[in-house]
Amino acid sequence: MTAVRPKWQEPPRPVTSFAKAVTVVVVLALVTVPFLVVVSTSLADPRDVVANGGWVIWPERPSLAAYREILNGGIVGRATLVSLAVTIVGTALSLTCTVLLAYALSRPGVYGGKPLMLLVLFTFLFPPGIIPAYLVVKETGLLNAYAALIAPVLVNTFNLVVMRGFFQSLPSELYEAARLDGASEWKMLWRITIPLSRAVLAVIGLFYAVSYWNSWFHALLYLDDPAKWPLQLVLRTYVLAGGQLADPSAGEAGLMSAPQTVQMAVVVLATIPIVLVYPFLQRFFVRGVLAGAIKT
Amino acid sequence: MVKEVPSTKARRWRRDRILLAFVLPGLLYYLVFQYGAMFGSSLAFLDYVPFLGLKDSRWVGLDNFERLLGDADFWRATLNTVEISLLQLVFFFPAPLALAMLLHSIMHVRIKRFVQSVVYLPHFISWVIVVALFHQMLGATGVLNGLLADGGLHTVQILGNPDAFKPMLVAQVIWKDTGWGTIIFLAALMQVDEQLYEASAIDGAGPWRRFWHVTLPGIRTVVVLLLVLRLGEILSVGFEQILLQRDSVGAKAGEIIDTFVYYRGVQAGDFGYAAAAGLFKGVVGAILVYAANKISHRLGESGVYQ
């Protein structure tokens, strides 16, 4: 699996190769060691963690006690379900709306296409501020509703522009042929555009899913009731409890005393879905990201 | 065979009627949540009382902005924002380029792919988790201080230390997004013409001279474009990242414009004033982004806006 070194390139000197290898190993360690420490600490015996000053690099006596504790019907289990539901519903809605809008805007000569595109692009220049966004959510009656976590971020303009750019790059002969056969726009979208755009749809779906899963600020802003909080916001409380960050507004007494193993178990829980879907979507990244990002 | 010409009016209307239906949900979103919010920015000109609402709150003109211009807290937040942005520009911006060159030079395809998979991952990790990881590694009871104490050395206070706060933020961004940032530079590196390398090597240019005379000119346009676009966003630094950690160092070191808006508006209930600060940032930001795009067009590149 080694690419052939071009003939003109001089063979690498041992010093260079060594320095390169060391750098690669250091980079890999910088990324992976924090995860390793967190996973190990979550699996360790709480007494070992305390004895070692708050962390272990390897669990000597591994146990799942911390995970049993957080998933035992408490706030974390509930928050996980909220996060999963918001992520699944939100991603489905966002992807649907983005595909429909991108498709319509990608068809040449659609009525109102140009002003609509300007309307969309202008929001790039002037994204809504925190206070006006809050005001809109309040006025639309979405305060304290789960919908407040989805509706205000339903379509991401960057994703929309990338998707439209990709749709436009599909060969127009396909559409012309389909139209001669009497296919409707709906059929063309379903039979031509979507099957040819799997990579882009996968990447943009991933972007949406990740942003829903990782979101916590909207919940903080729009949901007063901690029982409705998603996992990341609950985790924020753990982070605050674990570190020296003090925020009087986030005083969940029950969590403050949680042992380090339990806190780290929540961190792992909040990371797992990302790590699970990651390998499946990774092969689409480069194609999807570069599809419409910057045309040179 | 051709029953209808595709461009007849009846045909076009039939086609567009369906397309306009496709547009509806998205359009509704843009009108309500984007343009509604833009309209809601008029809050900045009101002495807004939530109980009275937009219509009945008192119109105060530019009072909020006048107050803003004389508010030392606001200017400190602005200064912090720009400082953090510039630190990121100097220390974070070149990092993906350097890593991309390292990746590009790895000949072994499987190793290269593996390293790429690992370094892209942190981009997808939420800020809450990133901050938690940094606590576990660098906090008072974290790995670094544990090792220092075991070795009989002085422990260091990195987190919660106002002096270390800004470099800390940059370090977190480097950890999270360097790998992801390599994608675009790798694409640029791969587009450099192989024959140029060959020709210069035959002419006797070593690796450094090839880097200087072939690689750099080849990727210059992408680098300049990204740099210009980044400059356009100088007032936007990671809001979530900083909101999570601002309280650990206090407002003096940790306040940025966005957190200023959040604390004044949502926490203190001074909505009109906070909206004025947000609008100020929005307008200056829009001008900067627009200018950045104009400049990138001047440089012969197509920016985000065609």
# chains A, B, ... in the order shown; residues from 1 in each chain; ligands from 1
call {"tool": "interface_residues", "arguments": {"of": "chain A", "to": "chain B", "cutoff": "6 Å", "atoms": "only C-alpha atoms", "output": "PyMOL selection string"}}
result
chain A and resi 1-3+8+34+53-54+97+100-101+104+125-126+128-129+131-133+152+214+236+239+245
call {"tool": "atom_distance", "arguments": {"atom1": "atom CA of Ala253 of chain B", "atom2": "atom CA of Gln241 of chain B"}}
result
14.2 Å
call {"tool": "closest_residue", "arguments": {"among": "B:Leu79, B:Val214, B:Val49, B:Leu169", "to": "Gly269 of chain B", "atoms": "only C-alpha atoms"}}
result
B:Val49
call {"tool": "residues_around", "arguments": {"residues": "Leu84 of chain A", "least_positions_apart": "3", "cutoff": "12 Å", "atoms": "only C-alpha atoms", "output": "list in words"}}
result
Gly77, Arg78, Ala79, Thr80, Leu81, Thr87, Ile88, Val89, Gly90, Thr91, Ala209, Val210, Tyr212, Trp213, Asn214, Ser215, Trp229, Pro230, Leu231, Gln232, Leu269, Ala270, Ile272, Pro273 and Ile274 of chain A
call {"tool": "write_last_selection", "arguments": {"atoms": "N, CA and C atoms", "output": "PDB file, in the first residue's frame"}}
result
ATOM      1  N   GLY A  77     -29.870   9.556  31.933  1.00  0.00           N
ATOM      2  CA  GLY A  77     -30.572   8.658  31.032  1.00  0.00           C
ATOM      3  C   GLY A  77     -31.647   9.400  30.248  1.00  0.00           C
ATOM      4  N   ARG A  78     -32.379  10.232  30.963  1.00  0.00           N
ATOM      5  CA  ARG A  78     -33.422  11.031  30.337  1.00  0.00           C
ATOM      6  C   ARG A  78     -32.840  11.978  29.296  1.00  0.00           C
ATOM      7  N   ALA A  79     -31.757  12.648  29.689  1.00  0.00           N
ATOM      8  CA  ALA A  79     -31.119  13.610  28.791  1.00  0.00           C
ATOM      9  C   ALA A  79     -30.600  12.913  27.532  1.00  0.00           C
ATOM     10  N   THR A  80     -30.121  11.687  27.683  1.00  0.00           N
ATOM     11  CA  THR A  80     -29.638  10.943  26.515  1.00  0.00           C
ATOM     12  C   THR A  80     -30.777  10.697  25.535  1.00  0.00           C
ATOM     13  N   LEU A  81     -31.936  10.318  26.072  1.00  0.00           N
ATOM     14  CA  LEU A  81     -33.089  10.099  25.199  1.00  0.00           C
ATOM     15  C   LEU A  81     -33.500  11.393  24.498  1.00  0.00           C
ATOM     16  N   THR A  87     -31.797  14.781  17.892  1.00  0.00           N
ATOM     17  CA  THR A  87     -30.852  14.564  16.801  1.00  0.00           C
ATOM     18  C   THR A  87     -31.526  13.861  15.624  1.00  0.00           C
ATOM     19  N   ILE A  88     -32.297  12.811  15.908  1.00  0.00           N
ATOM     20  CA  ILE A  88     -32.919  12.044  14.823  1.00  0.00           C
ATOM     21  C   ILE A  88     -33.984  12.884  14.105  1.00  0.00           C
ATOM     22  N   VAL A  89     -34.890  13.465  14.885  1.00  0.00           N
ATOM     23  CA  VAL A  89     -35.959  14.266  14.273  1.00  0.00           C
ATOM     24  C   VAL A  89     -35.378  15.489  13.571  1.00  0.00           C
ATOM     25  N   GLY A  90     -34.460  16.175  14.257  1.00  0.00           N
ATOM     26  CA  GLY A  90     -33.866  17.386  13.693  1.00  0.00           C
ATOM     27  C   GLY A  90     -33.126  17.110  12.401  1.00  0.00           C
ATOM     28  N   THR A  91     -32.320  16.045  12.380  1.00  0.00           N
ATOM     29  CA  THR A  91     -31.555  15.740  11.178  1.00  0.00           C
ATOM     30  C   THR A  91     -32.488  15.407  10.019  1.00  0.00           C
ATOM     31  N   ALA A 209     -26.483  16.149  12.028  1.00  0.00           N
ATOM     32  CA  ALA A 209     -26.617  15.276  13.196  1.00  0.00           C
ATOM     33  C   ALA A 209     -25.636  15.685  14.283  1.00  0.00           C
ATOM     34  N   VAL A 210     -24.385  15.953  13.891  1.00  0.00           N
ATOM     35  CA  VAL A 210     -23.378  16.337  14.871  1.00  0.00           C
ATOM     36  C   VAL A 210     -23.763  17.645  15.549  1.00  0.00           C
ATOM     37  N   TYR A 212     -26.739  18.908  15.983  1.00  0.00           N
ATOM     38  CA  TYR A 212     -27.841  18.697  16.927  1.00  0.00           C
ATOM     39  C   TYR A 212     -27.357  17.975  18.175  1.00  0.00           C
ATOM     40  N   TRP A 213     -26.565  16.938  17.985  1.00  0.00           N
ATOM     41  CA  TRP A 213     -26.095  16.162  19.133  1.00  0.00           C
ATOM     42  C   TRP A 213     -25.230  17.016  20.062  1.00  0.00           C
ATOM     43  N   ASN A 214     -24.392  17.871  19.473  1.00  0.00           N
ATOM     44  CA  ASN A 214     -23.443  18.649  20.268  1.00  0.00           C
ATOM     45  C   ASN A 214     -24.032  19.930  20.853  1.00  0.00           C
ATOM     46  N   SER A 215     -25.236  20.276  20.436  1.00  0.00           N
ATOM     47  CA  SER A 215     -25.769  21.574  20.827  1.00  0.00           C
ATOM     48  C   SER A 215     -26.175  21.614  22.300  1.00  0.00           C
ATOM     49  N   TRP A 229     -33.561  19.086  29.511  1.00  0.00           N
ATOM     50  CA  TRP A 229     -32.229  19.348  28.954  1.00  0.00           C
ATOM     51  C   TRP A 229     -31.663  18.161  28.188  1.00  0.00           C
ATOM     52  N   PRO A 230     -30.967  18.443  27.083  1.00  0.00           N
ATOM     53  CA  PRO A 230     -30.244  17.381  26.373  1.00  0.00           C
ATOM     54  C   PRO A 230     -28.938  17.049  27.100  1.00  0.00           C
ATOM     55  N   LEU A 231     -28.323  15.974  26.647  1.00  0.00           N
ATOM     56  CA  LEU A 231     -27.150  15.438  27.341  1.00  0.00           C
ATOM     57  C   LEU A 231     -26.000  16.446  27.463  1.00  0.00           C
ATOM     58  N   GLN A 232     -25.746  17.203  26.398  1.00  0.00           N
ATOM     59  CA  GLN A 232     -24.589  18.103  26.435  1.00  0.00           C
ATOM     60  C   GLN A 232     -24.753  19.194  27.501  1.00  0.00           C
ATOM     61  N   LEU A 269     -20.251   8.813  27.332  1.00  0.00           N
ATOM     62  CA  LEU A 269     -21.602   8.623  26.785  1.00  0.00           C
ATOM     63  C   LEU A 269     -21.919   9.676  25.722  1.00  0.00           C
ATOM     64  N   ALA A 270     -21.501  10.909  25.990  1.00  0.00           N
ATOM     65  CA  ALA A 270     -21.798  12.003  25.062  1.00  0.00           C
ATOM     66  C   ALA A 270     -20.930  11.933  23.810  1.00  0.00           C
ATOM     67  N   ILE A 272     -19.746   8.819  22.486  1.00  0.00           N
ATOM     68  CA  ILE A 272     -19.889   7.540  21.791  1.00  0.00           C
ATOM     69  C   ILE A 272     -20.620   7.627  20.441  1.00  0.00           C
ATOM     70  N   PRO A 273     -21.784   8.286  20.364  1.00  0.00           N
ATOM     71  CA  PRO A 273     -22.486   8.293  19.071  1.00  0.00           C
ATOM     72  C   PRO A 273     -21.638   8.869  17.946  1.00  0.00           C
ATOM     73  N   ILE A 274     -20.872   9.903  18.267  1.00  0.00           N
ATOM     74  CA  ILE A 274     -20.015  10.528  17.255  1.00  0.00           C
ATOM     75  C   ILE A 274     -18.983   9.515  16.767  1.00  0.00           C
TER      76      ILE A 274
END
